[in-house]
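S.K.: To be precise about what I am sending: the file is called final_25.cif and holds mmCIF, C-alpha atoms, pLDDT in the B column; chains and numbers go by the auth columns.
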data_coords
loop_
_atom_site.group_PDB
_atom_site.id
_atom_site.type_symbol
_atom_site.label_atom_id
_atom_site.label_comp_id
_atom_site.label_asym_id
_atom_site.label_seq_id
_atom_site.Cartn_x
_atom_site.Cartn_y
_atom_site.Cartn_z
_atom_site.B_iso_or_equiv
_atom_site.auth_seq_id
_atom_site.auth_asym_id
ATOM 1 C CA MET A 1 46.840 57.128 -17.826 84.00 1401 A
ATOM 2 C CA LYS A 2 45.004 55.692 -14.845 89.00 1402 A
ATOM 3 C CA PHE A 3 47.068 54.940 -11.732 88.00 1403 A
ATOM 4 C CA THR A 4 46.545 52.424 -8.953 88.00 1404 A
ATOM 5 C CA PHE A 5 49.011 52.613 -6.074 89.00 1405 A
ATOM 6 C CA VAL A 6 49.640 49.839 -3.563 89.00 1406 A
ATOM 7 C CA LYS A 7 51.967 50.335 -0.633 87.00 1407 A
ATOM 8 C CA LYS A 8 53.552 47.563 1.413 87.00 1408 A
ATOM 9 C CA LYS A 9 55.326 48.386 4.681 82.00 1409 A
ATOM 10 C CA PHE A 10 55.861 51.889 3.366 78.00 1410 A
ATOM 11 C CA ASP A 11 54.068 55.249 3.550 82.00 1411 A
ATOM 12 C CA VAL A 12 53.733 56.991 0.205 83.00 1412 A
ATOM 13 C CA SER A 13 53.994 60.766 0.512 86.00 1413 A
ATOM 14 C CA ASP A 14 52.139 63.094 -1.825 88.00 1414 A
ATOM 15 C CA GLU A 15 55.501 64.199 -3.237 92.00 1415 A
ATOM 16 C CA LEU A 16 56.546 60.620 -4.028 89.00 1416 A
ATOM 17 C CA ARG A 17 53.151 59.823 -5.546 90.00 1417 A
ATOM 18 C CA ALA A 18 53.292 62.921 -7.783 92.00 1418 A
ATOM 19 C CA TYR A 19 56.855 62.040 -8.812 92.00 1419 A
ATOM 20 C CA ALA A 20 55.851 58.478 -9.723 91.00 1420 A
ATOM 21 C CA GLU A 21 52.795 59.663 -11.691 91.00 1421 A
ATOM 22 C CA LYS A 22 54.915 62.193 -13.604 92.00 1422 A
ATOM 23 C CA LYS A 23 57.651 59.683 -14.482 91.00 1423 A
ATOM 24 C CA ILE A 24 55.334 56.774 -15.345 89.00 1424 A
ATOM 25 C CA GLY A 25 52.939 59.088 -17.209 88.00 1425 A
ATOM 26 C CA LYS A 26 55.658 59.755 -19.792 88.00 1426 A
ATOM 27 C CA VAL A 27 55.374 56.125 -20.938 88.00 1427 A
ATOM 28 C CA ASP A 28 51.826 56.856 -22.144 84.00 1428 A
ATOM 29 C CA ARG A 29 53.247 58.452 -25.300 84.00 1429 A
ATOM 30 C CA PHE A 30 53.993 54.963 -26.657 83.00 1430 A
ATOM 31 C CA PHE A 31 50.294 54.040 -26.732 81.00 1431 A
ATOM 32 C CA LYS A 32 47.403 55.251 -28.840 80.00 1432 A
ATOM 33 C CA LYS A 33 44.735 54.273 -26.291 83.00 1433 A
ATOM 34 C CA GLU A 34 44.329 54.962 -22.581 84.00 1434 A
ATOM 35 C CA SER A 35 46.539 52.718 -20.465 87.00 1435 A
ATOM 36 C CA GLU A 36 46.446 51.719 -16.818 90.00 1436 A
ATOM 37 C CA ALA A 37 49.416 51.596 -14.436 90.00 1437 A
ATOM 38 C CA PHE A 38 49.563 49.486 -11.282 91.00 1438 A
ATOM 39 C CA VAL A 39 52.374 50.694 -9.014 91.00 1439 A
ATOM 40 C CA THR A 40 53.450 48.738 -5.931 91.00 1440 A
ATOM 41 C CA LEU A 41 55.894 50.490 -3.615 91.00 1441 A
ATOM 42 C CA SER A 42 57.464 48.608 -0.729 91.00 1442 A
ATOM 43 C CA ALA A 43 60.372 48.798 1.691 89.00 1443 A
ATOM 44 C CA GLU A 44 62.243 45.964 3.340 87.00 1444 A
ATOM 45 C CA ARG A 45 65.511 46.136 5.294 86.00 1445 A
ATOM 46 C CA GLY A 46 66.526 49.503 3.910 84.00 1446 A
ATOM 47 C CA ARG A 47 65.851 48.490 0.290 90.00 1447 A
ATOM 48 C CA TYR A 48 63.073 50.179 -1.659 91.00 1448 A
ATOM 49 C CA ASN A 49 61.198 48.219 -4.302 92.00 1449 A
ATOM 50 C CA ALA A 50 59.116 49.744 -7.110 91.00 1450 A
ATOM 51 C CA GLU A 51 57.052 47.308 -9.184 92.00 1451 A
ATOM 52 C CA ILE A 52 55.238 48.757 -12.187 92.00 1452 A
ATOM 53 C CA THR A 53 52.708 46.939 -14.352 91.00 1453 A
ATOM 54 C CA ILE A 54 51.239 48.755 -17.341 90.00 1454 A
ATOM 55 C CA GLU A 55 48.213 47.384 -19.185 88.00 1455 A
ATOM 56 C CA ASN A 56 47.330 48.753 -22.592 83.00 1456 A
ATOM 57 C CA ASN A 57 44.765 47.175 -24.883 78.00 1457 A
ATOM 58 C CA GLY A 58 45.369 43.641 -23.636 78.00 1458 A
ATOM 59 C CA MET A 59 49.184 43.851 -23.494 81.00 1459 A
ATOM 60 C CA PHE A 60 50.957 43.857 -20.131 86.00 1460 A
ATOM 61 C CA TYR A 61 54.400 45.200 -19.311 89.00 1461 A
ATOM 62 C CA ARG A 62 55.851 44.495 -15.865 90.00 1462 A
ATOM 63 C CA ILE A 63 59.126 45.310 -14.136 91.00 1463 A
ATOM 64 C CA SER A 64 60.399 45.415 -10.576 91.00 1464 A
ATOM 65 C CA GLU A 65 63.427 47.423 -9.441 92.00 1465 A
ATOM 66 C CA GLN A 66 65.057 47.583 -6.021 91.00 1466 A
ATOM 67 C CA THR A 67 67.562 50.193 -4.811 91.00 1467 A
ATOM 68 C CA SER A 68 68.457 52.050 -1.617 91.00 1468 A
ATOM 69 C CA ASP A 69 66.347 55.056 -2.687 90.00 1469 A
ATOM 70 C CA MET A 70 62.664 54.952 -3.723 90.00 1470 A
ATOM 71 C CA PHE A 71 63.072 57.730 -6.295 91.00 1471 A
ATOM 72 C CA ALA A 72 65.946 55.831 -7.925 92.00 1472 A
ATOM 73 C CA SER A 73 63.850 52.642 -7.919 91.00 1473 A
ATOM 74 C CA ILE A 74 61.038 54.451 -9.748 92.00 1474 A
ATOM 75 C CA ASP A 75 63.479 55.962 -12.287 92.00 1475 A
ATOM 76 C CA SER A 76 65.083 52.584 -12.946 92.00 1476 A
ATOM 77 C CA ALA A 77 61.708 50.832 -13.297 92.00 1477 A
ATOM 78 C CA VAL A 78 60.430 53.456 -15.770 92.00 1478 A
ATOM 79 C CA ALA A 79 63.604 53.093 -17.852 92.00 1479 A
ATOM 80 C CA GLY A 80 63.138 49.307 -17.862 91.00 1480 A
ATOM 81 C CA ILE A 81 59.476 49.580 -18.915 90.00 1481 A
ATOM 82 C CA GLU A 82 60.451 51.913 -21.763 89.00 1482 A
ATOM 83 C CA ARG A 83 63.085 49.404 -22.948 88.00 1483 A
ATOM 84 C CA GLN A 84 60.510 46.590 -22.858 86.00 1484 A
ATOM 85 C CA ILE A 85 57.953 48.604 -24.820 84.00 1485 A
ATOM 86 C CA ARG A 86 60.452 49.727 -27.484 84.00 1486 A
ATOM 87 C CA LYS A 87 61.944 46.253 -27.853 82.00 1487 A
ATOM 88 C CA ASN A 88 58.624 44.492 -28.140 78.00 1488 A
ATOM 89 C CA LYS A 89 56.939 47.087 -30.360 75.00 1489 A
ATOM 90 C CA THR A 90 59.859 46.724 -32.767 74.00 1490 A
ATOM 91 C CA ARG A 91 59.662 42.932 -32.587 71.00 1491 A
ATOM 92 C CA LEU A 92 55.913 42.972 -33.208 64.00 1492 A
ATOM 93 C CA ALA A 93 56.260 45.400 -36.090 64.00 1493 A
ATOM 94 C CA LYS A 94 58.832 43.154 -37.752 63.00 1494 A
ATOM 95 C CA ARG A 95 57.332 39.726 -37.149 59.00 1495 A
ATOM 96 C CA LEU A 96 53.627 40.051 -36.567 55.00 1496 A
ATOM 97 C CA ARG A 97 50.603 41.239 -38.422 54.00 1497 A
ATOM 98 C CA ASP A 98 49.822 44.926 -38.809 53.00 1498 A
ATOM 99 C CA GLY A 99 47.650 46.480 -36.146 54.00 1499 A
ATOM 100 C CA ALA A 100 48.790 44.231 -33.280 50.00 1500 A
ATOM 101 C CA PHE A 101 48.702 47.183 -30.886 51.00 1501 A
ATOM 102 C CA GLU A 102 45.512 48.757 -32.241 55.00 1502 A
ATOM 103 C CA ARG A 103 43.176 45.769 -32.089 52.00 1503 A
ATOM 104 C CA GLU A 104 40.036 45.858 -29.993 55.00 1504 A
ATOM 105 C CA VAL A 105 39.948 43.314 -27.193 53.00 1505 A
ATOM 106 C CA LYS A 106 36.633 41.528 -26.727 58.00 1506 A
ATOM 107 C CA PRO A 107 35.886 40.814 -23.068 59.00 1507 A
ATOM 108 C CA PHE A 108 35.627 37.166 -22.125 56.00 1508 A
ATOM 109 C CA SER A 109 35.188 35.513 -18.761 56.00 1509 A
ATOM 110 C CA ILE A 110 34.898 31.914 -17.684 55.00 1510 A
ATOM 111 C CA PRO A 111 31.686 31.305 -15.691 58.00 1511 A
ATOM 112 C CA ALA A 112 32.248 30.279 -12.091 56.00 1512 A
ATOM 113 C CA ASP A 113 31.291 26.765 -11.014 52.00 1513 A
ATOM 114 C CA ASP A 114 28.774 26.780 -8.134 52.00 1514 A
ATOM 115 C CA THR A 115 29.581 23.324 -6.777 49.00 1515 A
ATOM 116 C CA ASP A 116 31.022 23.302 -3.261 44.00 1516 A
ATOM 117 C CA GLU A 117 33.469 20.452 -2.991 48.00 1517 A
ATOM 118 C CA GLU A 118 35.719 20.589 0.049 57.00 1518 A
ATOM 119 C CA GLU A 119 38.727 18.856 -1.505 68.00 1519 A
ATOM 120 C CA PHE A 120 38.826 21.158 -4.574 71.00 1520 A
ATOM 121 C CA ARG A 121 38.715 24.509 -2.818 79.00 1521 A
ATOM 122 C CA VAL A 122 39.520 27.462 -5.132 79.00 1522 A
ATOM 123 C CA LEU A 123 41.726 29.935 -3.297 81.00 1523 A
ATOM 124 C CA ARG A 124 41.905 32.635 -5.950 82.00 1524 A
ATOM 125 C CA SER A 125 39.853 33.504 -9.000 84.00 1525 A
ATOM 126 C CA LYS A 126 40.744 35.881 -11.835 80.00 1526 A
ATOM 127 C CA LYS A 127 38.774 37.218 -14.772 80.00 1527 A
ATOM 128 C CA PHE A 128 40.562 38.619 -17.790 76.00 1528 A
ATOM 129 C CA ASP A 129 40.129 39.307 -21.462 76.00 1529 A
ATOM 130 C CA ILE A 130 41.193 36.452 -23.716 81.00 1530 A
ATOM 131 C CA SER A 131 42.080 38.127 -26.957 78.00 1531 A
ATOM 132 C CA PRO A 132 42.852 36.614 -30.349 85.00 1532 A
ATOM 133 C CA MET A 133 46.558 36.659 -31.164 87.00 1533 A
ATOM 134 C CA SER A 134 49.220 34.622 -32.882 87.00 1534 A
ATOM 135 C CA VAL A 135 51.373 32.073 -31.057 88.00 1535 A
ATOM 136 C CA GLU A 136 54.350 34.451 -31.265 88.00 1536 A
ATOM 137 C CA GLU A 137 52.343 37.247 -29.622 87.00 1537 A
ATOM 138 C CA ALA A 138 51.224 34.873 -26.860 87.00 1538 A
ATOM 139 C CA ILE A 139 54.817 33.788 -26.144 88.00 1539 A
ATOM 140 C CA LEU A 140 55.890 37.428 -26.113 87.00 1540 A
ATOM 141 C CA GLN A 141 53.072 38.307 -23.684 85.00 1541 A
ATOM 142 C CA MET A 142 53.932 35.318 -21.447 85.00 1542 A
ATOM 143 C CA ASN A 143 57.581 36.421 -21.321 84.00 1543 A
ATOM 144 C CA LEU A 144 56.624 40.030 -20.556 82.00 1544 A
ATOM 145 C CA LEU A 145 54.607 38.834 -17.565 81.00 1545 A
ATOM 146 C CA SER A 146 57.280 36.320 -16.498 81.00 1546 A
ATOM 147 C CA HIS A 147 54.670 33.578 -16.351 85.00 1547 A
ATOM 148 C CA ALA A 148 55.133 29.858 -17.040 87.00 1548 A
ATOM 149 C CA PHE A 149 52.031 29.677 -19.276 88.00 1549 A
ATOM 150 C CA PHE A 150 49.597 31.951 -21.120 89.00 1550 A
ATOM 151 C CA VAL A 151 46.001 31.341 -22.258 88.00 1551 A
ATOM 152 C CA PHE A 152 44.830 32.983 -25.493 88.00 1552 A
ATOM 153 C CA ARG A 153 42.575 32.606 -28.537 88.00 1553 A
ATOM 154 C CA ASN A 154 44.727 31.436 -31.439 87.00 1554 A
ATOM 155 C CA ALA A 155 44.095 33.749 -34.410 85.00 1555 A
ATOM 156 C CA ASP A 156 45.899 31.268 -36.682 84.00 1556 A
ATOM 157 C CA GLU A 157 43.475 28.444 -35.723 83.00 1557 A
ATOM 158 C CA ALA A 158 40.071 30.166 -36.076 82.00 1558 A
ATOM 159 C CA ASP A 159 40.216 31.664 -32.547 81.00 1559 A
ATOM 160 C CA ALA A 160 40.533 28.242 -30.859 85.00 1560 A
ATOM 161 C CA PHE A 161 41.443 28.404 -27.170 87.00 1561 A
ATOM 162 C CA SER A 162 45.136 27.632 -26.702 90.00 1562 A
ATOM 163 C CA VAL A 163 47.813 27.638 -24.015 91.00 1563 A
ATOM 164 C CA VAL A 164 51.503 28.292 -24.582 92.00 1564 A
ATOM 165 C CA TYR A 165 53.927 27.198 -21.889 93.00 1565 A
ATOM 166 C CA ARG A 166 57.624 27.227 -21.134 89.00 1566 A
ATOM 167 C CA ARG A 167 59.158 23.740 -21.179 88.00 1567 A
ATOM 168 C CA LYS A 168 61.561 22.711 -18.414 84.00 1568 A
ATOM 169 C CA ASN A 169 64.199 21.589 -20.919 85.00 1569 A
ATOM 170 C CA GLY A 170 63.964 24.849 -22.890 84.00 1570 A
ATOM 171 C CA GLY A 171 61.732 26.050 -25.679 88.00 1571 A
ATOM 172 C CA TYR A 172 57.968 26.412 -25.680 92.00 1572 A
ATOM 173 C CA GLY A 173 54.952 24.154 -26.017 91.00 1573 A
ATOM 174 C CA ILE A 174 51.377 24.780 -27.106 91.00 1574 A
ATOM 175 C CA ILE A 175 48.100 23.107 -26.169 90.00 1575 A
ATOM 176 C CA CYS A 176 45.249 23.723 -28.628 86.00 1576 A
ATOM 177 C CA ASP A 177 41.521 23.135 -28.644 78.00 1577 A
ATOM 178 C CA ASP A 178 40.683 20.937 -31.647 72.00 1578 A
ATOM 179 C CA GLY A 179 37.280 22.595 -32.034 63.00 1579 A
ATOM 180 C CA ASN A 180 35.167 19.471 -31.378 56.00 1580 A
#
Render the structure in this file as structure tokens.
M.R.:
Amino acid sequence: MKFTFVKKKFDVSDELRAYAEKKIGKVDRFFKKESEAFVTLSAERGRYNAEITIENNGMFYRISEQTSDMFASIDSAVAGIERQIRKNKTRLAKRLRDGAFEREVKPFSIPADDTDEEEFRVLRSKKFDISPMSVEEAILQMNLLSHAFFVFRNADEADAFSVVYRRKNGGYGIICDDGN
């Protein structure tokens, strides 16, 4: 497992870093392929926050825990990540097609627009893999990331670009490319 540590208003000792790597590294047993962990450790007003995001083959798992002790925050976050992985692996195994966790993700990026218009200034740009998946997988992924929407290639509609989103009145919506 590859680790990326970010610290905010907090110095990370070698002992704490080794402890976090050991605890989070145990989660790697759930995956067949190499995964990557992004760990953000921060302190604010005597509370210690550990946020862990694990990416494995296009699936993201994220949790944030806050306690009065950084070691306890890490332990709690790892336990939460394990619950998420178990719950969602079981759900995928029951509802979705076989091989949902073993598929190869094809890299895709949207080309940047070179026009410089002052009123439409882009403040942040992200590139990510848009992988083919079912609508159920996309909703699951959106919920794991705690996002309001999720862009994906709809495997049920010949890999058409689609967006699932959470509706304000409850439930989910989907926007699909009609292929024309």
S.K.: Atom CA of Val1563 of chain A to atom CA of Met1459 of chain A: how many Å, to one decimal?
M.R.: 16.3 Å
S.K.: Name every residue that the PyMOL selection byres ((chain A and resi 1401) around 9) selects in this structure, writing the answer as a short mmCIF file (atom, residue, chain, number, x, y, z; two decimals) with C-alpha atoms, keeping the file's coordinate frame with chains first and numbers rising.
M.R.:
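Full text of selection_16.cif as output:
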data_model
loop_
_atom_site.label_atom_id
_atom_site.label_comp_id
_atom_site.auth_asym_id
_atom_site.auth_seq_id
_atom_site.Cartn_x
_atom_site.Cartn_y
_atom_site.Cartn_z
CA LYS A 1402 45.00 55.69 -14.84
CA PHE A 1403 47.07 54.94 -11.73
CA GLU A 1421 52.80 59.66 -11.69
CA ILE A 1424 55.33 56.77 -15.34
CA GLY A 1425 52.94 59.09 -17.21
CA ASP A 1428 51.83 56.86 -22.14
CA GLU A 1434 44.33 54.96 -22.58
CA SER A 1435 46.54 52.72 -20.46
CA GLU A 1436 46.45 51.72 -16.82
CA ALA A 1437 49.42 51.60 -14.44
#
S.K.: What residues come out when you apply the PyMOL selection byres ((chain A and resi 1443-1455) around 10) to this file, written as a PyMOL selection string?
M.R.: chain A and resi 1401-1411+1420+1424+1427-1428+1434-1442+1456-1478+1480-1481+1545
S.K.: Rank nothing, just name the residue among A:Phe1528, A:Tyr1419, A:Phe1430, A:Tyr1565 nearest to Ala1548 of chain A, using all atoms listed in the file.
M.R.: A:Tyr1565
S.K.: Pick from A:Phe1561, A:Phe1431, A:Tyr1572, A:Phe1550: nearest to Pro1532 of chain A, with only C-alpha atoms counted?
M.R.: A:Phe1561
S.K.: Using all atoms listed in the file, pick whichever of A:Ser1531, A:Ser1525, A:Ser1413, A:Gln1484 has the shortest atom-to-atom distance to Asp1559 of chain A.
M.R.: A:Ser1531
S.K.: Given all atoms listed in the file as the basis, pick out the residue of A:Lys1433, A:Val1564, A:Asn1488, A:Val1412 nearest to Met1542 of chain A.
M.R.: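 Nearest to Met1542 of chain A: A:Val1564.
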S.K.: Go ahead and compute the interatomic distance for atom CA of Arg1429 of chain A and atom CA of Glu1482 of chain A, in Å to one decimal.
M.R.: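 Here the two named atoms are 10.4 Å from each other.
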S.K.: Do you have the atom CA of Asp1577 of chain A-atom CA of Glu1557 of chain A distance handy?
M.R.: 9.1 Å
S.K.: For a quick check of your reading of the model, name the residues lying within 9 Å of the coordinate (46.1, 33.3, -36.4), counting only C-alpha atoms, and write them as a list in words.
M.R.: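 Checking each residue against the 9 Å limit leaves Pro1532, Met1533, Ser1534, Val1535, Arg1553, Asn1554, Ala1555, Asp1556, Glu1557, Ala1558 and Asp1559 of chain A.
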S.K.: Just checking: using only C-alpha atoms, which residue out of A:Lys1432, A:Arg1521, A:Arg1486, A:Arg1566 ends up closest to Phe1549 of chain A?
M.R.: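 Checking each candidate against Phe1549 of chain A, we get A:Arg1566 as the closest.
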S.K.: For Gly1573 of chain A, which of A:Ser1546, A:Ala1560, A:Ala1538, A:Ala1418 is the closest residue, counting all atoms listed in the file?
M.R.: A:Ala1538
S.K.: Starting from the incomplete input, reconstruct N, CA and C atoms of segment 1405-1430 of chain A and write that as a CSV table (one decimal), in the frame of the given file.
M.R.:
chain,number,residue,atom,x,y,z
A,1405,PHE,N,47.8,52.8,-6.9
A,1405,PHE,CA,49.0,52.6,-6.1
A,1405,PHE,C,48.7,51.6,-5.0
A,1406,VAL,N,49.7,50.8,-4.7
A,1406,VAL,CA,49.6,49.8,-3.6
A,1406,VAL,C,50.9,50.0,-2.8
A,1407,LYS,N,50.8,50.2,-1.5
A,1407,LYS,CA,52.0,50.3,-0.6
A,1407,LYS,C,52.1,49.2,0.3
A,1408,LYS,N,53.3,48.7,0.5
A,1408,LYS,CA,53.6,47.6,1.4
A,1408,LYS,C,54.7,48.0,2.4
A,1409,LYS,N,54.4,48.0,3.6
A,1409,LYS,CA,55.3,48.4,4.7
A,1409,LYS,C,56.0,49.7,4.4
A,1410,PHE,N,55.3,50.7,3.8
A,1410,PHE,CA,55.9,51.9,3.4
A,1410,PHE,C,54.8,52.9,3.2
A,1411,ASP,N,55.0,54.1,3.7
A,1411,ASP,CA,54.1,55.2,3.6
A,1411,ASP,C,54.4,56.1,2.3
A,1412,VAL,N,53.5,56.3,1.4
A,1412,VAL,CA,53.7,57.0,0.2
A,1412,VAL,C,53.3,58.4,0.4
A,1413,SER,N,54.3,59.3,0.4
A,1413,SER,CA,54.0,60.8,0.5
A,1413,SER,C,53.4,61.3,-0.8
A,1414,ASP,N,52.7,62.5,-0.6
A,1414,ASP,CA,52.1,63.1,-1.8
A,1414,ASP,C,53.2,63.5,-2.8
A,1415,GLU,N,54.4,63.8,-2.3
A,1415,GLU,CA,55.5,64.2,-3.2
A,1415,GLU,C,56.0,63.0,-4.0
A,1416,LEU,N,56.1,61.8,-3.4
A,1416,LEU,CA,56.5,60.6,-4.0
A,1416,LEU,C,55.5,60.1,-5.0
A,1417,ARG,N,54.2,60.2,-4.7
A,1417,ARG,CA,53.2,59.8,-5.5
A,1417,ARG,C,53.1,60.7,-6.8
A,1418,ALA,N,53.3,62.0,-6.6
A,1418,ALA,CA,53.3,62.9,-7.8
A,1418,ALA,C,54.5,62.6,-8.7
A,1419,TYR,N,55.7,62.4,-8.1
A,1419,TYR,CA,56.9,62.0,-8.8
A,1419,TYR,C,56.7,60.8,-9.6
A,1420,ALA,N,56.1,59.7,-9.0
A,1420,ALA,CA,55.9,58.5,-9.7
A,1420,ALA,C,54.9,58.7,-10.9
A,1421,GLU,N,53.8,59.4,-10.6
A,1421,GLU,CA,52.8,59.7,-11.7
A,1421,GLU,C,53.4,60.4,-12.9
A,1422,LYS,N,54.3,61.4,-12.6
A,1422,LYS,CA,54.9,62.2,-13.6
A,1422,LYS,C,55.8,61.3,-14.4
A,1423,LYS,N,56.7,60.5,-13.8
A,1423,LYS,CA,57.7,59.7,-14.5
A,1423,LYS,C,57.0,58.6,-15.3
A,1424,ILE,N,56.0,57.9,-14.7
A,1424,ILE,CA,55.3,56.8,-15.3
A,1424,ILE,C,54.4,57.3,-16.4
A,1425,GLY,N,53.8,58.5,-16.2
A,1425,GLY,CA,52.9,59.1,-17.2
A,1425,GLY,C,53.6,59.3,-18.5
A,1426,LYS,N,54.9,59.5,-18.5
A,1426,LYS,CA,55.7,59.8,-19.8
A,1426,LYS,C,55.6,58.5,-20.7
A,1427,VAL,N,55.4,57.4,-20.1
A,1427,VAL,CA,55.4,56.1,-20.9
A,1427,VAL,C,54.1,56.1,-21.8
A,1428,ASP,N,53.1,56.9,-21.4
A,1428,ASP,CA,51.8,56.9,-22.1
A,1428,ASP,C,52.0,57.3,-23.6
A,1429,ARG,N,53.1,58.0,-23.9
A,1429,ARG,CA,53.2,58.5,-25.3
A,1429,ARG,C,53.4,57.3,-26.3
A,1430,PHE,N,53.8,56.1,-25.8
A,1430,PHE,CA,54.0,55.0,-26.7
A,1430,PHE,C,52.7,54.3,-27.1
